[in-house]
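File shown: input.csv (CSV, N, CA and C atoms and all ligand atoms).
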```csv
chain,number,residue,atom,x,y,z
A,1,MET,N,47.3,-32.1,55.4
A,1,MET,CA,47.2,-31.6,54.1
A,1,MET,C,46.4,-30.4,53.9
A,2,VAL,N,46.9,-29.5,53.1
A,2,VAL,CA,46.2,-28.3,52.9
A,2,VAL,C,45.4,-28.4,51.6
A,3,TRP,N,44.1,-28.3,51.8
A,3,TRP,CA,43.2,-28.3,50.7
A,3,TRP,C,43.1,-26.9,50.1
A,4,LYS,N,43.6,-26.9,48.9
A,4,LYS,CA,43.4,-25.6,48.2
A,4,LYS,C,42.1,-25.6,47.5
A,5,ARG,N,41.4,-24.9,48.1
A,5,ARG,CA,40.0,-24.8,47.5
A,5,ARG,C,39.9,-23.7,46.5
A,6,THR,N,39.6,-24.1,45.3
A,6,THR,CA,39.4,-23.1,44.2
A,6,THR,C,38.1,-22.4,44.5
A,7,VAL,N,38.3,-21.2,44.8
A,7,VAL,CA,37.1,-20.4,45.0
A,7,VAL,C,36.5,-19.9,43.7
A,8,LEU,N,35.4,-20.4,43.4
A,8,LEU,CA,34.8,-19.9,42.2
A,8,LEU,C,34.1,-18.6,42.5
A,9,ALA,N,34.7,-17.6,42.0
A,9,ALA,CA,34.1,-16.3,42.3
A,9,ALA,C,32.9,-16.1,41.3
A,10,LEU,N,31.8,-16.2,41.9
A,10,LEU,CA,30.6,-16.0,41.1
A,10,LEU,C,30.4,-14.5,40.8
A,11,SER,N,30.7,-14.3,39.6
A,11,SER,CA,30.5,-12.9,39.2
A,11,SER,C,29.0,-12.6,39.1
A,12,VAL,N,28.6,-12.0,40.1
A,12,VAL,CA,27.1,-11.7,40.1
A,12,VAL,C,26.8,-10.7,39.0
A,13,LEU,N,26.0,-11.2,38.1
A,13,LEU,CA,25.6,-10.3,37.0
A,13,LEU,C,24.5,-9.5,37.5
A,14,SER,N,24.8,-8.3,37.7
A,14,SER,CA,23.7,-7.4,38.1
A,14,SER,C,22.8,-7.1,36.9
A,15,LEU,N,21.6,-7.7,37.1
A,15,LEU,CA,20.7,-7.5,36.0
A,15,LEU,C,20.2,-6.1,35.9
A,16,LEU,N,20.7,-5.5,34.9
A,16,LEU,CA,20.3,-4.1,34.7
A,16,LEU,C,18.8,-4.0,34.3
A,17,ALA,N,18.1,-3.6,35.2
A,17,ALA,CA,16.7,-3.4,34.9
A,17,ALA,C,16.5,-2.3,34.0
A,18,VAL,N,16.5,-2.6,32.7
A,18,VAL,CA,16.4,-1.6,31.7
A,18,VAL,C,14.9,-1.2,31.6
A,19,SER,N,14.7,-0.1,32.1
A,19,SER,CA,13.3,0.4,32.0
A,19,SER,C,12.9,0.7,30.6
A,20,CYS,N,11.9,0.0,30.2
A,20,CYS,CA,11.5,0.2,28.8
A,20,CYS,C,10.8,1.5,28.6
A,21,THR,N,11.6,2.5,28.3
A,21,THR,CA,11.0,3.8,28.1
A,21,THR,C,10.3,3.8,26.8
A,22,THR,N,9.1,4.1,26.8
A,22,THR,CA,8.3,4.1,25.6
A,22,THR,C,8.7,5.3,24.8
A,23,THR,N,9.5,5.0,23.8
A,23,THR,CA,9.9,6.1,22.9
A,23,THR,C,8.7,6.4,21.9
A,24,ASP,N,8.7,7.6,21.5
A,24,ASP,CA,7.6,8.0,20.7
A,24,ASP,C,7.9,7.7,19.2
A,25,GLY,N,8.9,6.9,18.9
A,25,GLY,CA,9.2,6.6,17.6
A,25,GLY,C,8.2,5.7,17.0
A,26,GLU,N,7.2,6.2,16.4
A,26,GLU,CA,6.1,5.4,15.8
A,26,GLU,C,6.6,4.8,14.5
A,27,PRO,N,6.7,3.5,14.4
A,27,PRO,CA,7.2,2.9,13.2
A,27,PRO,C,6.3,3.1,12.0
A,28,SER,N,5.1,3.3,12.2
A,28,SER,CA,4.1,3.4,11.1
A,28,SER,C,4.3,4.8,10.4
A,29,ASP,N,4.9,4.7,9.2
A,29,ASP,CA,5.1,5.9,8.5
A,29,ASP,C,3.8,6.2,7.7
A,30,SER,N,3.0,7.0,8.3
A,30,SER,CA,1.8,7.3,7.8
A,30,SER,C,1.9,8.4,6.7
A,31,ASN,N,2.1,8.0,5.5
A,31,ASN,CA,2.3,9.0,4.4
A,31,ASN,C,0.9,9.4,3.8
A,32,THR,N,-0.1,8.9,4.4
A,32,THR,CA,-1.4,9.2,3.8
A,32,THR,C,-1.8,10.6,4.0
A,33,SER,N,-1.4,11.4,3.1
A,33,SER,CA,-1.8,12.8,3.2
A,33,SER,C,-3.3,12.9,2.9
A,34,SER,N,-4.0,13.6,3.8
A,34,SER,CA,-5.4,13.6,3.6
A,34,SER,C,-5.8,14.4,2.5
A,35,SER,N,-4.9,15.1,1.9
A,35,SER,CA,-5.3,16.1,0.9
A,35,SER,C,-5.7,15.4,-0.5
A,36,SER,N,-4.7,14.8,-1.1
A,36,SER,CA,-5.0,14.6,-2.5
A,36,SER,C,-4.3,13.3,-3.1
A,37,ALA,N,-4.5,12.2,-2.5
A,37,ALA,CA,-3.9,11.0,-3.1
A,37,ALA,C,-4.7,9.8,-2.6
A,38,SER,N,-5.0,8.9,-3.6
A,38,SER,CA,-5.7,7.7,-3.2
A,38,SER,C,-5.2,6.6,-4.2
A,39,ASN,N,-5.5,5.4,-3.7
A,39,ASN,CA,-4.9,4.2,-4.4
A,39,ASN,C,-5.9,3.2,-4.7
A,40,VAL,N,-5.7,2.5,-5.9
A,40,VAL,CA,-6.6,1.4,-6.2
A,40,VAL,C,-5.6,0.3,-6.6
A,41,THR,N,-5.9,-0.9,-6.1
A,41,THR,CA,-5.0,-2.1,-6.4
A,41,THR,C,-5.7,-3.0,-7.4
A,42,ILE,N,-4.9,-3.5,-8.3
A,42,ILE,CA,-5.5,-4.4,-9.3
A,42,ILE,C,-4.9,-5.8,-9.0
A,43,ASP,N,-5.8,-6.7,-8.7
A,43,ASP,CA,-5.4,-8.1,-8.4
A,43,ASP,C,-6.6,-9.0,-8.7
A,44,ASN,N,-6.3,-10.2,-9.0
A,44,ASN,CA,-7.3,-11.2,-9.3
A,44,ASN,C,-8.4,-10.7,-10.2
A,45,PHE,N,-7.9,-10.0,-11.3
A,45,PHE,CA,-8.8,-9.5,-12.3
A,45,PHE,C,-9.9,-8.6,-11.7
A,46,ALA,N,-9.5,-7.8,-10.8
A,46,ALA,CA,-10.5,-6.9,-10.2
A,46,ALA,C,-9.8,-5.6,-9.7
A,47,PHE,N,-10.6,-4.5,-9.7
A,47,PHE,CA,-10.1,-3.3,-9.1
A,47,PHE,C,-10.5,-3.2,-7.6
A,48,GLY,N,-9.6,-2.8,-6.8
A,48,GLY,CA,-9.9,-2.8,-5.4
A,48,GLY,C,-9.5,-1.5,-4.7
A,49,PRO,N,-10.4,-0.7,-4.2
A,49,PRO,CA,-11.8,-0.9,-4.2
A,49,PRO,C,-12.4,-0.6,-5.6
A,50,SER,N,-13.5,-1.3,-5.9
A,50,SER,CA,-14.1,-1.1,-7.2
A,50,SER,C,-14.7,0.2,-7.3
A,51,SER,N,-15.2,0.7,-6.2
A,51,SER,CA,-15.8,2.1,-6.2
A,51,SER,C,-15.1,2.9,-5.2
A,52,LEU,N,-14.7,4.1,-5.6
A,52,LEU,CA,-13.9,4.9,-4.7
A,52,LEU,C,-14.4,6.4,-4.8
A,53,GLU,N,-14.5,7.0,-3.7
A,53,GLU,CA,-15.0,8.4,-3.6
A,53,GLU,C,-13.8,9.3,-3.2
A,54,VAL,N,-13.5,10.3,-4.0
A,54,VAL,CA,-12.4,11.2,-3.7
A,54,VAL,C,-12.9,12.6,-3.9
A,55,GLY,N,-12.1,13.5,-3.4
A,55,GLY,CA,-12.4,14.9,-3.6
A,55,GLY,C,-11.7,15.5,-4.9
A,56,VAL,N,-12.2,16.6,-5.3
A,56,VAL,CA,-11.6,17.2,-6.5
A,56,VAL,C,-10.2,17.5,-6.3
A,57,GLY,N,-9.4,17.2,-7.3
A,57,GLY,CA,-8.0,17.4,-7.2
A,57,GLY,C,-7.2,16.2,-6.7
A,58,THR,N,-7.9,15.1,-6.5
A,58,THR,CA,-7.2,13.9,-6.0
A,58,THR,C,-6.5,13.2,-7.1
A,59,GLU,N,-5.3,12.8,-6.9
A,59,GLU,CA,-4.6,11.9,-7.8
A,59,GLU,C,-4.8,10.5,-7.4
A,60,VAL,N,-5.4,9.7,-8.2
A,60,VAL,CA,-5.7,8.3,-8.0
A,60,VAL,C,-4.6,7.5,-8.7
A,61,THR,N,-4.0,6.6,-8.0
A,61,THR,CA,-2.9,5.8,-8.6
A,61,THR,C,-3.4,4.3,-8.5
A,62,TRP,N,-3.4,3.7,-9.7
A,62,TRP,CA,-3.7,2.3,-9.8
A,62,TRP,C,-2.4,1.5,-9.8
A,63,THR,N,-2.3,0.4,-9.1
A,63,THR,CA,-1.1,-0.4,-9.1
A,63,THR,C,-1.5,-1.8,-9.4
A,64,ASN,N,-0.9,-2.4,-10.5
A,64,ASN,CA,-1.2,-3.7,-10.9
A,64,ASN,C,-0.3,-4.7,-10.1
A,65,GLU,N,-0.9,-5.5,-9.3
A,65,GLU,CA,-0.1,-6.5,-8.5
A,65,GLU,C,-0.3,-7.9,-9.0
A,66,GLN,N,-0.7,-7.9,-10.3
A,66,GLN,CA,-1.0,-9.2,-10.9
A,66,GLN,C,-0.1,-9.4,-12.1
A,67,GLY,N,0.2,-10.7,-12.4
A,67,GLY,CA,1.0,-11.0,-13.5
A,67,GLY,C,0.5,-10.6,-14.9
A,68,SER,N,-0.9,-10.6,-14.9
A,68,SER,CA,-1.5,-10.2,-16.2
A,68,SER,C,-1.6,-8.7,-16.4
A,69,PRO,N,-1.3,-8.2,-17.6
A,69,PRO,CA,-1.4,-6.8,-17.8
A,69,PRO,C,-2.9,-6.3,-17.8
A,70,HIS,N,-3.1,-5.0,-17.4
A,70,HIS,CA,-4.4,-4.5,-17.4
A,70,HIS,C,-4.3,-3.0,-17.9
A,71,THR,N,-5.5,-2.5,-18.3
A,71,THR,CA,-5.6,-1.1,-18.5
A,71,THR,C,-6.6,-0.5,-17.6
A,72,ILE,N,-6.5,0.8,-17.4
A,72,ILE,CA,-7.5,1.6,-16.7
A,72,ILE,C,-8.0,2.6,-17.7
A,73,THR,N,-9.2,2.3,-18.1
A,73,THR,CA,-9.8,3.1,-19.3
A,73,THR,C,-11.2,3.6,-18.9
A,74,ALA,N,-11.3,4.9,-19.0
A,74,ALA,CA,-12.6,5.5,-18.7
A,74,ALA,C,-13.7,5.1,-19.7
A,75,ASP,N,-14.9,4.8,-19.3
A,75,ASP,CA,-15.9,4.4,-20.2
A,75,ASP,C,-16.2,5.5,-21.2
A,76,ASP,N,-16.0,6.8,-20.8
A,76,ASP,CA,-16.3,7.9,-21.7
A,76,ASP,C,-15.0,8.4,-22.4
A,77,GLY,N,-13.9,7.6,-22.2
A,77,GLY,CA,-12.7,8.0,-22.9
A,77,GLY,C,-12.0,9.2,-22.3
A,78,SER,N,-12.4,9.6,-21.2
A,78,SER,CA,-11.7,10.8,-20.6
A,78,SER,C,-10.3,10.6,-20.1
A,79,PHE,N,-10.0,9.3,-19.9
A,79,PHE,CA,-8.6,9.0,-19.6
A,79,PHE,C,-8.4,7.5,-19.9
A,80,THR,N,-7.2,7.1,-20.1
A,80,THR,CA,-6.9,5.7,-20.3
A,80,THR,C,-5.4,5.5,-20.1
A,81,SER,N,-5.1,4.3,-19.7
A,81,SER,CA,-3.7,4.0,-19.5
A,81,SER,C,-3.2,3.1,-20.7
A,82,ASP,N,-2.0,2.9,-20.8
A,82,ASP,CA,-1.5,1.9,-21.7
A,82,ASP,C,-1.6,0.6,-20.9
A,83,ASN,N,-1.1,-0.5,-21.5
A,83,ASN,CA,-1.1,-1.8,-20.7
A,83,ASN,C,-0.2,-1.6,-19.5
A,84,VAL,N,-0.7,-1.9,-18.3
A,84,VAL,CA,0.0,-1.8,-17.1
A,84,VAL,C,0.5,-3.2,-16.7
A,85,ALA,N,1.8,-3.4,-16.7
A,85,ALA,CA,2.3,-4.7,-16.4
A,85,ALA,C,2.3,-4.9,-14.9
A,86,LYS,N,2.8,-6.0,-14.5
A,86,LYS,CA,2.9,-6.3,-13.0
A,86,LYS,C,3.8,-5.3,-12.4
A,87,ASP,N,3.3,-4.8,-11.2
A,87,ASP,CA,4.0,-3.8,-10.4
A,87,ASP,C,4.0,-2.4,-11.1
A,88,GLY,N,3.4,-2.3,-12.2
A,88,GLY,CA,3.3,-1.0,-12.9
A,88,GLY,C,2.1,-0.2,-12.3
A,89,THR,N,2.2,1.1,-12.5
A,89,THR,CA,1.2,2.0,-12.0
A,89,THR,C,0.7,3.0,-13.1
A,90,PHE,N,-0.5,3.5,-12.8
A,90,PHE,CA,-1.1,4.5,-13.6
A,90,PHE,C,-1.7,5.5,-12.7
A,91,SER,N,-1.5,6.8,-13.0
A,91,SER,CA,-2.1,7.8,-12.1
A,91,SER,C,-2.9,8.8,-12.9
A,92,PHE,N,-4.0,9.3,-12.4
A,92,PHE,CA,-4.8,10.3,-13.0
A,92,PHE,C,-5.4,11.2,-11.9
A,93,THR,N,-5.3,12.5,-12.2
A,93,THR,CA,-5.8,13.4,-11.2
A,93,THR,C,-7.2,13.9,-11.7
A,94,PHE,N,-8.1,13.8,-10.8
A,94,PHE,CA,-9.5,14.1,-11.1
A,94,PHE,C,-9.8,15.6,-10.7
A,95,VAL,N,-10.0,16.4,-11.6
A,95,VAL,CA,-10.2,17.8,-11.3
A,95,VAL,C,-11.7,18.3,-11.5
A,96,THR,N,-12.5,17.4,-12.1
A,96,THR,CA,-13.9,17.8,-12.3
A,96,THR,C,-14.8,16.8,-11.6
A,97,PRO,N,-15.7,17.4,-10.8
A,97,PRO,CA,-16.6,16.5,-10.1
A,97,PRO,C,-17.5,15.7,-11.0
A,98,GLY,N,-17.8,14.5,-10.6
A,98,GLY,CA,-18.6,13.6,-11.4
A,98,GLY,C,-18.3,12.2,-11.0
A,99,THR,N,-19.0,11.3,-11.7
A,99,THR,CA,-18.8,9.9,-11.6
A,99,THR,C,-18.2,9.3,-12.8
A,100,TYR,N,-17.0,8.7,-12.6
A,100,TYR,CA,-16.2,8.2,-13.7
A,100,TYR,C,-16.2,6.6,-13.6
A,101,ALA,N,-16.9,6.0,-14.6
A,101,ALA,CA,-16.9,4.6,-14.7
A,101,ALA,C,-15.7,4.2,-15.6
A,102,TYR,N,-15.0,3.2,-15.2
A,102,TYR,CA,-13.9,2.8,-16.0
A,102,TYR,C,-13.8,1.3,-16.0
A,103,HIS,N,-13.0,0.8,-16.9
A,103,HIS,CA,-12.9,-0.7,-17.1
A,103,HIS,C,-11.5,-1.0,-17.6
A,104,CYS,N,-11.2,-2.3,-17.8
A,104,CYS,CA,-10.0,-2.8,-18.4
A,104,CYS,C,-10.3,-3.2,-19.8
A,105,GLU,N,-9.5,-2.6,-20.7
A,105,GLU,CA,-9.8,-3.0,-22.1
A,105,GLU,C,-9.5,-4.4,-22.5
A,106,ILE,N,-8.6,-5.0,-21.7
A,106,ILE,CA,-8.3,-6.4,-22.0
A,106,ILE,C,-9.3,-7.3,-21.4
A,107,HIS,N,-9.8,-6.9,-20.2
A,107,HIS,CA,-10.8,-7.8,-19.5
A,107,HIS,C,-12.0,-6.9,-19.2
A,108,PRO,N,-13.0,-6.8,-20.2
A,108,PRO,CA,-14.1,-5.9,-20.0
A,108,PRO,C,-14.9,-6.1,-18.8
A,109,ASN,N,-14.8,-7.3,-18.3
A,109,ASN,CA,-15.6,-7.5,-17.0
A,109,ASN,C,-15.0,-6.9,-15.8
A,110,MET,N,-13.8,-6.3,-16.0
A,110,MET,CA,-13.2,-5.6,-14.9
A,110,MET,C,-13.7,-4.2,-14.9
A,111,THR,N,-14.4,-3.8,-14.0
A,111,THR,CA,-15.0,-2.4,-13.9
A,111,THR,C,-14.8,-1.8,-12.6
A,112,GLY,N,-14.8,-0.4,-12.6
A,112,GLY,CA,-14.7,0.3,-11.4
A,112,GLY,C,-15.3,1.7,-11.6
A,113,THR,N,-15.4,2.4,-10.5
A,113,THR,CA,-16.0,3.7,-10.5
A,113,THR,C,-15.3,4.6,-9.6
A,114,ILE,N,-14.9,5.8,-10.1
A,114,ILE,CA,-14.4,6.9,-9.2
A,114,ILE,C,-15.4,8.0,-9.1
A,115,THR,N,-15.9,8.3,-7.9
A,115,THR,CA,-16.8,9.4,-7.7
A,115,THR,C,-16.0,10.6,-7.2
A,116,VAL,N,-16.1,11.7,-7.9
A,116,VAL,CA,-15.3,12.8,-7.5
A,116,VAL,C,-16.3,13.9,-7.1
A,117,SER,N,-16.1,14.3,-5.8
A,117,SER,CA,-17.0,15.3,-5.3
A,117,SER,C,-16.3,16.6,-5.0
A,118,GLY,N,-16.9,17.7,-5.2
A,118,GLY,CA,-16.3,18.9,-5.0
A,118,GLY,C,-16.7,19.5,-3.7
B,201,CU,CU,-7.5,-6.5,-17.2
```
Re-express the file's structure as structure tokens.
Ligand SMILES: [Cu+2]
Amino acid sequence: MVWKRTVLALSVLSLLAVSCTTTDGEPSDSNTSSSSASNVTIDNFAFGPSSLEVGVGTEVTWTNEQGSPHTITADDGSFTSDNVAKDGTFSFTFVTPGTYAYHCEIHPNMTGTITVSG
């Protein structure tokens, strides 16, 4: 008797050693232009950071990440926002050196300071 042997051809998978070439594609999109932009986050009934130092000409943007509306109101009235709802923003560009204390008109215990240096 002839034994037909089924030859299982093992297809040898040549493992392609893919050399992990380190591409320079840095995923971090660093949009932080050193020149004139800074951000304050509003959450948990607080400004963060509560005190911020910026250079003259810096546009500061506040973003409310909280469900409760807030305002950004300078103590001296030099600037104020309307009620900023959740995910809303308010921006102000500081062109004069000085220390600007501000608060939330809805929650007066929320305070912050922007120090502008020339
Ligand atoms: Cu508030």
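Separating atom C of Phe94 (chain A) from atom C of Glu59 (chain A) is a distance of 7.9 Å.
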Report task. Output the neighbourhood of ligand CU 201 (chain B) as a PyMOL selection string, that is, all protein and nucleic acid residues with some atom at most 7 Å from the ligand, counting all atoms listed in the file. Result -> chain A and resi 45-46+68-71+103-108+110
Please work out which residues fall within 10 Å of (3.3, -0.2, -11.2), coordinates as given in the file, with only C-alpha atoms counting, and return them as a short mmCIF file (atom, residue, chain, number, x, y, z; two decimals) with N, CA and C atoms, in the coordinates of the input.
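Written out: out_32.cif:
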```cif
data_model
loop_
_atom_site.label_atom_id
_atom_site.label_comp_id
_atom_site.auth_asym_id
_atom_site.auth_seq_id
_atom_site.Cartn_x
_atom_site.Cartn_y
_atom_site.Cartn_z
N THR A 41 -5.90 -0.90 -6.10
CA THR A 41 -5.00 -2.10 -6.40
C THR A 41 -5.70 -3.00 -7.40
N ILE A 42 -4.90 -3.50 -8.30
CA ILE A 42 -5.50 -4.40 -9.30
C ILE A 42 -4.90 -5.80 -9.00
N THR A 61 -4.00 6.60 -8.00
CA THR A 61 -2.90 5.80 -8.60
C THR A 61 -3.40 4.30 -8.50
N TRP A 62 -3.40 3.70 -9.70
CA TRP A 62 -3.70 2.30 -9.80
C TRP A 62 -2.40 1.50 -9.80
N THR A 63 -2.30 0.40 -9.10
CA THR A 63 -1.10 -0.40 -9.10
C THR A 63 -1.50 -1.80 -9.40
N ASN A 64 -0.90 -2.40 -10.50
CA ASN A 64 -1.20 -3.70 -10.90
C ASN A 64 -0.30 -4.70 -10.10
N GLU A 65 -0.90 -5.50 -9.30
CA GLU A 65 -0.10 -6.50 -8.50
C GLU A 65 -0.30 -7.90 -9.00
N GLN A 66 -0.70 -7.90 -10.30
CA GLN A 66 -1.00 -9.20 -10.90
C GLN A 66 -0.10 -9.40 -12.10
N VAL A 84 -0.70 -1.90 -18.30
CA VAL A 84 0.00 -1.80 -17.10
C VAL A 84 0.50 -3.20 -16.70
N ALA A 85 1.80 -3.40 -16.70
CA ALA A 85 2.30 -4.70 -16.40
C ALA A 85 2.30 -4.90 -14.90
N LYS A 86 2.80 -6.00 -14.50
CA LYS A 86 2.90 -6.30 -13.00
C LYS A 86 3.80 -5.30 -12.40
N ASP A 87 3.30 -4.80 -11.20
CA ASP A 87 4.00 -3.80 -10.40
C ASP A 87 4.00 -2.40 -11.10
N GLY A 88 3.40 -2.30 -12.20
CA GLY A 88 3.30 -1.00 -12.90
C GLY A 88 2.10 -0.20 -12.30
N THR A 89 2.20 1.10 -12.50
CA THR A 89 1.20 2.00 -12.00
C THR A 89 0.70 3.00 -13.10
N PHE A 90 -0.50 3.50 -12.80
CA PHE A 90 -1.10 4.50 -13.60
C PHE A 90 -1.70 5.50 -12.70
N SER A 91 -1.50 6.80 -13.00
CA SER A 91 -2.10 7.80 -12.10
C SER A 91 -2.90 8.80 -12.90
#
```
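Distances from A:Gly67, A:Gly57, A:Gly98, A:Gly118 to Ser38 (chain A) were compared using only C-alpha atoms, and the smallest one belongs to A:Gly57.
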